[in-house]
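S.K.: One structure follows; several queries about it will come next.
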Amino acid sequence: AVTRTFSIIKPDATRRNLTGAVTKKLEDAGLRVVASKRIQMTREQAEGFYAVHKERPFFGELVDFMVSGPVVVQVLEGEDAVKRNRDVMGATNPADAEEGTIRKEFAESIEANSVHGSDSEENAATEIAFFFDDSEIVG
Ligand code: CMP
């Protein structure tokens, strides 16, 4: 079925002017960008977005990193969008990512790993609603 997922192009990628290159990988994988905006996340937004990770040892650094520069938040639509996006992103740690994936090509480290993507349809809906109003999504 055609579904939606949520993506973030992270500060390491926007800093290196890779917004277009990352988006092309998403589009080439069969995903369509149906909403997109470049924002400077606030600390409150980053902490709220990553609340599930707040007990993890890397939480503080993760939040610092996510507010260190602009990000591009996107809604992606396509056949089985969550899985399709996870496949093209590659493993969280670029050292484990497969050839041809976004993280293999562009990520700098497990933290500066260029993209975030929802890990389930349920989380996708929550994450989309965290950053977008329905009126901003045009399929
Ligand atoms: P993301 O999919 O955005 O979700 C949580 C993020 O935490 C993850 O990608 C990584 O970029 C980041 N992170 C930093 N350190 C770690 C770690 N040791 N294990 C997992 N994720 C980490």
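Just so we're on the same page: first chain in the structure tokens is A, next is B, and so on; residues restart at 1 for each chain, and ligands are numbered from 1 in the order they show up.
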Which residues are near A:Gln45? Cut-off 10 Å, only C-alpha atoms, ignore same chain within fewer than 2 positions. Put them as a ChimeraX atom specification.

M.R.: /A:40-43,47-51,63,66-67,130-131

S.K.: Using only C-alpha atoms, which protein or nucleic acid residues come within 12 Å of A:Thr23? Drop anything in the same chain fewer than 2 positions from it, and give the result as a PyMOL selection string.

M.R.: chain A and resi 7-9+13-14+17-21+25-34+36+72-76+85+88-89+102+114-115

S.K.: Could you check how far atom CA of A:Glu127 sits from atom CA of A:Pro57, in Å to one decimal?

M.R.: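 Between atom CA of A:Glu127 and atom CA of A:Pro57 the gap is 22.3 Å.
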
S.K.: Env of A:Lys83: 12 Å cut, atoms = only C-alpha atoms, seq-sep filter 2 positions within chain, self excluded. Answer as a VMD selection string.

M.R.: chain A and resid 1 to 6 29 to 31 76 to 81 85 to 90 117 to 121 124

S.K.: Restricted to N, CA and C atoms, what would the selected residues look like written as a PDB file, in the first residue's frame?

M.R.:
```pdb
ATOM      1  N   ALA A   1       0.837  -1.197   0.000  1.00  0.00           N
ATOM      2  CA  ALA A   1       0.000   0.000   0.000  1.00  0.00           C
ATOM      3  C   ALA A   1       0.873   1.249   0.000  1.00  0.00           C
ATOM      4  N   VAL A   2       0.356   2.310  -0.573  1.00  0.00           N
ATOM      5  CA  VAL A   2       1.058   3.590  -0.531  1.00  0.00           C
ATOM      6  C   VAL A   2       0.869   4.190   0.858  1.00  0.00           C
ATOM      7  N   THR A   3       1.993   4.446   1.532  1.00  0.00           N
ATOM      8  CA  THR A   3       1.961   4.969   2.897  1.00  0.00           C
ATOM      9  C   THR A   3       2.947   6.133   3.011  1.00  0.00           C
ATOM     10  N   ARG A   4       3.021   6.701   4.218  1.00  0.00           N
ATOM     11  CA  ARG A   4       3.915   7.836   4.443  1.00  0.00           C
ATOM     12  C   ARG A   4       4.901   7.539   5.555  1.00  0.00           C
ATOM     13  N   THR A   5       6.044   8.183   5.471  1.00  0.00           N
ATOM     14  CA  THR A   5       7.004   8.123   6.562  1.00  0.00           C
ATOM     15  C   THR A   5       7.588   9.510   6.776  1.00  0.00           C
ATOM     16  N   PHE A   6       8.343   9.640   7.863  1.00  0.00           N
ATOM     17  CA  PHE A   6       8.927  10.928   8.228  1.00  0.00           C
ATOM     18  C   PHE A   6      10.442  10.826   8.151  1.00  0.00           C
ATOM     19  N   ALA A  29      14.803   5.971  -4.833  1.00  0.00           N
ATOM     20  CA  ALA A  29      14.312   4.760  -4.161  1.00  0.00           C
ATOM     21  C   ALA A  29      12.790   4.619  -4.274  1.00  0.00           C
ATOM     22  N   GLY A  30      12.145   5.552  -4.955  1.00  0.00           N
ATOM     23  CA  GLY A  30      10.699   5.435  -5.160  1.00  0.00           C
ATOM     24  C   GLY A  30       9.862   6.204  -4.154  1.00  0.00           C
ATOM     25  N   LEU A  31      10.523   7.088  -3.401  1.00  0.00           N
ATOM     26  CA  LEU A  31       9.791   7.912  -2.439  1.00  0.00           C
ATOM     27  C   LEU A  31       9.555   9.298  -3.026  1.00  0.00           C
ATOM     28  N   LEU A  76       7.577  11.675   3.395  1.00  0.00           N
ATOM     29  CA  LEU A  76       7.831  10.894   2.183  1.00  0.00           C
ATOM     30  C   LEU A  76       6.679   9.932   1.958  1.00  0.00           C
ATOM     31  N   GLU A  77       6.276   9.802   0.711  1.00  0.00           N
ATOM     32  CA  GLU A  77       5.155   8.919   0.365  1.00  0.00           C
ATOM     33  C   GLU A  77       5.616   7.906  -0.671  1.00  0.00           C
ATOM     34  N   GLY A  78       5.139   6.686  -0.531  1.00  0.00           N
ATOM     35  CA  GLY A  78       5.479   5.658  -1.513  1.00  0.00           C
ATOM     36  C   GLY A  78       4.958   4.312  -1.060  1.00  0.00           C
ATOM     37  N   GLU A  79       5.143   3.326  -1.925  1.00  0.00           N
ATOM     38  CA  GLU A  79       4.759   1.957  -1.612  1.00  0.00           C
ATOM     39  C   GLU A  79       5.586   1.496  -0.406  1.00  0.00           C
ATOM     40  N   ASP A  80       4.932   1.111   0.679  1.00  0.00           N
ATOM     41  CA  ASP A  80       5.630   0.604   1.865  1.00  0.00           C
ATOM     42  C   ASP A  80       6.738   1.579   2.306  1.00  0.00           C
ATOM     43  N   ALA A  81       6.333   2.831   2.512  1.00  0.00           N
ATOM     44  CA  ALA A  81       7.294   3.933   2.654  1.00  0.00           C
ATOM     45  C   ALA A  81       8.266   3.757   3.829  1.00  0.00           C
ATOM     46  N   ASN A  85      12.183   3.543   2.969  1.00  0.00           N
ATOM     47  CA  ASN A  85      13.092   4.579   3.464  1.00  0.00           C
ATOM     48  C   ASN A  85      14.203   3.968   4.319  1.00  0.00           C
ATOM     49  N   ARG A  86      13.840   3.013   5.181  1.00  0.00           N
ATOM     50  CA  ARG A  86      14.871   2.390   6.029  1.00  0.00           C
ATOM     51  C   ARG A  86      15.893   1.652   5.177  1.00  0.00           C
ATOM     52  N   ASP A  87      15.435   1.027   4.115  1.00  0.00           N
ATOM     53  CA  ASP A  87      16.365   0.319   3.228  1.00  0.00           C
ATOM     54  C   ASP A  87      17.345   1.289   2.561  1.00  0.00           C
ATOM     55  N   VAL A  88      16.850   2.425   2.083  1.00  0.00           N
ATOM     56  CA  VAL A  88      17.752   3.348   1.376  1.00  0.00           C
ATOM     57  C   VAL A  88      18.637   4.119   2.355  1.00  0.00           C
ATOM     58  N   MET A  89      18.181   4.295   3.619  1.00  0.00           N
ATOM     59  CA  MET A  89      19.035   4.955   4.614  1.00  0.00           C
ATOM     60  C   MET A  89      20.240   4.086   4.968  1.00  0.00           C
ATOM     61  N   GLY A  90      20.031   2.784   5.137  1.00  0.00           N
ATOM     62  CA  GLY A  90      21.090   1.897   5.613  1.00  0.00           C
ATOM     63  C   GLY A  90      21.160   1.889   7.134  1.00  0.00           C
ATOM     64  N   GLY A 117      14.909   8.329   9.968  1.00  0.00           N
ATOM     65  CA  GLY A 117      13.678   7.851   9.352  1.00  0.00           C
ATOM     66  C   GLY A 117      12.858   7.100  10.373  1.00  0.00           C
ATOM     67  N   SER A 118      11.542   7.238  10.297  1.00  0.00           N
ATOM     68  CA  SER A 118      10.650   6.543  11.234  1.00  0.00           C
ATOM     69  C   SER A 118      10.875   5.037  11.156  1.00  0.00           C
ATOM     70  N   ASP A 119      10.730   4.359  12.326  1.00  0.00           N
ATOM     71  CA  ASP A 119      10.959   2.913  12.344  1.00  0.00           C
ATOM     72  C   ASP A 119       9.676   2.091  12.307  1.00  0.00           C
ATOM     73  N   SER A 120       8.518   2.745  12.292  1.00  0.00           N
ATOM     74  CA  SER A 120       7.244   2.019  12.175  1.00  0.00           C
ATOM     75  C   SER A 120       6.194   2.991  11.642  1.00  0.00           C
ATOM     76  N   GLU A 121       5.100   2.449  11.140  1.00  0.00           N
ATOM     77  CA  GLU A 121       4.030   3.327  10.633  1.00  0.00           C
ATOM     78  C   GLU A 121       3.411   4.136  11.762  1.00  0.00           C
ATOM     79  N   ALA A 124       5.736   6.872  12.511  1.00  0.00           N
ATOM     80  CA  ALA A 124       5.710   7.820  11.390  1.00  0.00           C
ATOM     81  C   ALA A 124       4.574   8.827  11.580  1.00  0.00           C
TER      82      ALA A 124
END
```

S.K.: May I ask you to write as a list in words all residues lying at most 7 Å from ligand 1, with only C-alpha atoms and all ligand atoms counted?

M.R.: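 For ligand 1, the residues inside 7 Å are Tyr50, Phe58, Leu62, Thr92, Ile110, Glu111, Ala112, Asn113, Val115, His116 and Gly117 of chain A.
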
S.K.: Output N, CA and C atoms of each residue in that selection to a file, as a short mmCIF file (atom, residue, chain, number, x, y, z; two decimals), in the first residue's frame.

M.R.:
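Okay, selection29.cif is ready:
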```cif
data_model
loop_
_atom_site.label_atom_id
_atom_site.label_comp_id
_atom_site.auth_asym_id
_atom_site.auth_seq_id
_atom_site.Cartn_x
_atom_site.Cartn_y
_atom_site.Cartn_z
N TYR A 50 13.02 13.25 20.44
CA TYR A 50 13.81 12.07 20.81
C TYR A 50 13.52 11.59 22.24
N PHE A 58 23.68 8.54 25.20
CA PHE A 58 24.01 9.48 24.13
C PHE A 58 22.97 10.59 23.95
N LEU A 62 23.15 13.75 21.42
CA LEU A 62 22.22 13.68 20.29
C LEU A 62 21.45 14.99 20.15
N THR A 92 22.03 2.32 11.09
CA THR A 92 22.27 3.52 11.92
C THR A 92 23.75 3.88 11.95
N ILE A 110 28.10 7.38 13.81
CA ILE A 110 26.79 6.90 14.27
C ILE A 110 25.91 8.07 14.70
N GLU A 111 26.52 9.14 15.19
CA GLU A 111 25.73 10.32 15.58
C GLU A 111 25.45 11.21 14.36
N ALA A 112 26.49 11.57 13.64
CA ALA A 112 26.35 12.42 12.45
C ALA A 112 26.06 11.50 11.27
N ASN A 113 24.85 10.89 11.31
CA ASN A 113 24.56 9.85 10.32
C ASN A 113 23.57 10.31 9.25
N VAL A 115 20.78 11.18 8.21
CA VAL A 115 19.32 11.10 8.10
C VAL A 115 18.70 10.38 9.30
N HIS A 116 17.47 10.75 9.59
CA HIS A 116 16.60 10.00 10.48
C HIS A 116 15.41 9.51 9.66
N GLY A 117 14.91 8.33 9.97
CA GLY A 117 13.68 7.85 9.35
C GLY A 117 12.86 7.10 10.37
#
```

S.K.: Among stretch 73-135 of chain A, which ones does DSSP assign to helix (DSSP H, G or I) (computed from the backbone)? Answer as JSON, numbers by chain.

M.R.: {"A": [81, 82, 83, 84, 85, 86, 87, 88, 89, 94, 95, 96, 102, 103, 104, 105, 106, 121, 122, 123, 124, 125, 126, 127, 128, 129, 130, 131, 134, 135]}

S.K.: Could the residues in this selection be saved with N, CA and C atoms as a PDB file, in the first residue's frame?

M.R.:
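After the write, again-v9.pdb holds the following:
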```
ATOM      1  N   ALA A  81       6.333   2.831   2.512  1.00  0.00           N
ATOM      2  CA  ALA A  81       7.294   3.933   2.654  1.00  0.00           C
ATOM      3  C   ALA A  81       8.266   3.757   3.829  1.00  0.00           C
ATOM      4  N   VAL A  82       7.802   3.252   4.970  1.00  0.00           N
ATOM      5  CA  VAL A  82       8.689   3.121   6.131  1.00  0.00           C
ATOM      6  C   VAL A  82       9.851   2.191   5.795  1.00  0.00           C
ATOM      7  N   LYS A  83       9.544   1.029   5.247  1.00  0.00           N
ATOM      8  CA  LYS A  83      10.587   0.046   4.936  1.00  0.00           C
ATOM      9  C   LYS A  83      11.472   0.539   3.789  1.00  0.00           C
ATOM     10  N   ARG A  84      10.843   1.096   2.782  1.00  0.00           N
ATOM     11  CA  ARG A  84      11.590   1.600   1.628  1.00  0.00           C
ATOM     12  C   ARG A  84      12.621   2.650   2.085  1.00  0.00           C
ATOM     13  N   ASN A  85      12.183   3.543   2.969  1.00  0.00           N
ATOM     14  CA  ASN A  85      13.092   4.579   3.464  1.00  0.00           C
ATOM     15  C   ASN A  85      14.203   3.968   4.319  1.00  0.00           C
ATOM     16  N   ARG A  86      13.840   3.013   5.181  1.00  0.00           N
ATOM     17  CA  ARG A  86      14.871   2.390   6.029  1.00  0.00           C
ATOM     18  C   ARG A  86      15.893   1.652   5.177  1.00  0.00           C
ATOM     19  N   ASP A  87      15.435   1.027   4.115  1.00  0.00           N
ATOM     20  CA  ASP A  87      16.365   0.319   3.228  1.00  0.00           C
ATOM     21  C   ASP A  87      17.345   1.289   2.561  1.00  0.00           C
ATOM     22  N   VAL A  88      16.850   2.425   2.083  1.00  0.00           N
ATOM     23  CA  VAL A  88      17.752   3.348   1.376  1.00  0.00           C
ATOM     24  C   VAL A  88      18.637   4.119   2.355  1.00  0.00           C
ATOM     25  N   MET A  89      18.181   4.295   3.619  1.00  0.00           N
ATOM     26  CA  MET A  89      19.035   4.955   4.614  1.00  0.00           C
ATOM     27  C   MET A  89      20.240   4.086   4.968  1.00  0.00           C
ATOM     28  N   PRO A  94      27.125   4.001  10.162  1.00  0.00           N
ATOM     29  CA  PRO A  94      27.570   3.914   8.767  1.00  0.00           C
ATOM     30  C   PRO A  94      28.581   2.798   8.531  1.00  0.00           C
ATOM     31  N   ALA A  95      29.305   2.392   9.583  1.00  0.00           N
ATOM     32  CA  ALA A  95      30.265   1.293   9.445  1.00  0.00           C
ATOM     33  C   ALA A  95      29.562  -0.011   9.082  1.00  0.00           C
ATOM     34  N   ASP A  96      28.268  -0.106   9.426  1.00  0.00           N
ATOM     35  CA  ASP A  96      27.487  -1.317   9.134  1.00  0.00           C
ATOM     36  C   ASP A  96      26.568  -1.156   7.923  1.00  0.00           C
ATOM     37  N   ILE A 102      22.276   5.732   1.828  1.00  0.00           N
ATOM     38  CA  ILE A 102      22.590   7.130   2.162  1.00  0.00           C
ATOM     39  C   ILE A 102      23.672   7.199   3.234  1.00  0.00           C
ATOM     40  N   ARG A 103      23.530   6.383   4.281  1.00  0.00           N
ATOM     41  CA  ARG A 103      24.511   6.465   5.371  1.00  0.00           C
ATOM     42  C   ARG A 103      25.875   5.946   4.946  1.00  0.00           C
ATOM     43  N   LYS A 104      25.911   4.934   4.088  1.00  0.00           N
ATOM     44  CA  LYS A 104      27.206   4.449   3.584  1.00  0.00           C
ATOM     45  C   LYS A 104      27.896   5.555   2.788  1.00  0.00           C
ATOM     46  N   GLU A 105      27.122   6.253   1.959  1.00  0.00           N
ATOM     47  CA  GLU A 105      27.737   7.271   1.086  1.00  0.00           C
ATOM     48  C   GLU A 105      28.063   8.560   1.810  1.00  0.00           C
ATOM     49  N   PHE A 106      27.193   8.951   2.760  1.00  0.00           N
ATOM     50  CA  PHE A 106      27.311  10.311   3.284  1.00  0.00           C
ATOM     51  C   PHE A 106      27.589  10.429   4.786  1.00  0.00           C
ATOM     52  N   GLU A 121       5.100   2.449  11.140  1.00  0.00           N
ATOM     53  CA  GLU A 121       4.030   3.327  10.633  1.00  0.00           C
ATOM     54  C   GLU A 121       3.411   4.136  11.762  1.00  0.00           C
ATOM     55  N   GLU A 122       3.305   3.519  12.936  1.00  0.00           N
ATOM     56  CA  GLU A 122       2.750   4.219  14.089  1.00  0.00           C
ATOM     57  C   GLU A 122       3.642   5.410  14.462  1.00  0.00           C
ATOM     58  N   ASN A 123       4.952   5.170  14.550  1.00  0.00           N
ATOM     59  CA  ASN A 123       5.863   6.269  14.863  1.00  0.00           C
ATOM     60  C   ASN A 123       5.891   7.309  13.746  1.00  0.00           C
ATOM     61  N   ALA A 124       5.736   6.872  12.511  1.00  0.00           N
ATOM     62  CA  ALA A 124       5.710   7.820  11.390  1.00  0.00           C
ATOM     63  C   ALA A 124       4.574   8.827  11.580  1.00  0.00           C
ATOM     64  N   ALA A 125       3.406   8.337  11.938  1.00  0.00           N
ATOM     65  CA  ALA A 125       2.255   9.235  12.124  1.00  0.00           C
ATOM     66  C   ALA A 125       2.521  10.236  13.246  1.00  0.00           C
ATOM     67  N   THR A 126       3.106   9.757  14.343  1.00  0.00           N
ATOM     68  CA  THR A 126       3.425  10.637  15.479  1.00  0.00           C
ATOM     69  C   THR A 126       4.468  11.673  15.080  1.00  0.00           C
ATOM     70  N   GLU A 127       5.505  11.226  14.375  1.00  0.00           N
ATOM     71  CA  GLU A 127       6.613  12.120  14.004  1.00  0.00           C
ATOM     72  C   GLU A 127       6.172  13.151  12.963  1.00  0.00           C
ATOM     73  N   ILE A 128       5.338  12.723  12.010  1.00  0.00           N
ATOM     74  CA  ILE A 128       4.808  13.678  11.020  1.00  0.00           C
ATOM     75  C   ILE A 128       4.022  14.772  11.744  1.00  0.00           C
ATOM     76  N   ALA A 129       3.160  14.370  12.664  1.00  0.00           N
ATOM     77  CA  ALA A 129       2.313  15.340  13.381  1.00  0.00           C
ATOM     78  C   ALA A 129       3.133  16.257  14.285  1.00  0.00           C
ATOM     79  N   PHE A 130       4.329  15.796  14.694  1.00  0.00           N
ATOM     80  CA  PHE A 130       5.200  16.616  15.548  1.00  0.00           C
ATOM     81  C   PHE A 130       5.679  17.851  14.791  1.00  0.00           C
ATOM     82  N   PHE A 131       5.886  17.744  13.480  1.00  0.00           N
ATOM     83  CA  PHE A 131       6.455  18.853  12.694  1.00  0.00           C
ATOM     84  C   PHE A 131       5.530  19.463  11.653  1.00  0.00           C
ATOM     85  N   ASP A 134      -1.608  19.142   8.755  1.00  0.00           N
ATOM     86  CA  ASP A 134      -2.138  18.449   7.568  1.00  0.00           C
ATOM     87  C   ASP A 134      -2.077  19.345   6.331  1.00  0.00           C
ATOM     88  N   SER A 135      -2.323  20.649   6.527  1.00  0.00           N
ATOM     89  CA  SER A 135      -2.376  21.574   5.379  1.00  0.00           C
ATOM     90  C   SER A 135      -1.024  21.757   4.702  1.00  0.00           C
TER      91      SER A 135
END
```

S.K.: To one decimal in Å, tell me the separation between atom CA of A:Pro70 and atom CA of A:Glu108.

M.R.: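 Between these atoms lies a distance of 16.7 Å.
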
S.K.: Which residues in chain A does DSSP call strand (DSSP E or B)? List them as a PyMOL selection string.

M.R.: chain A and resi 2-9+32-39+71-79+115-117
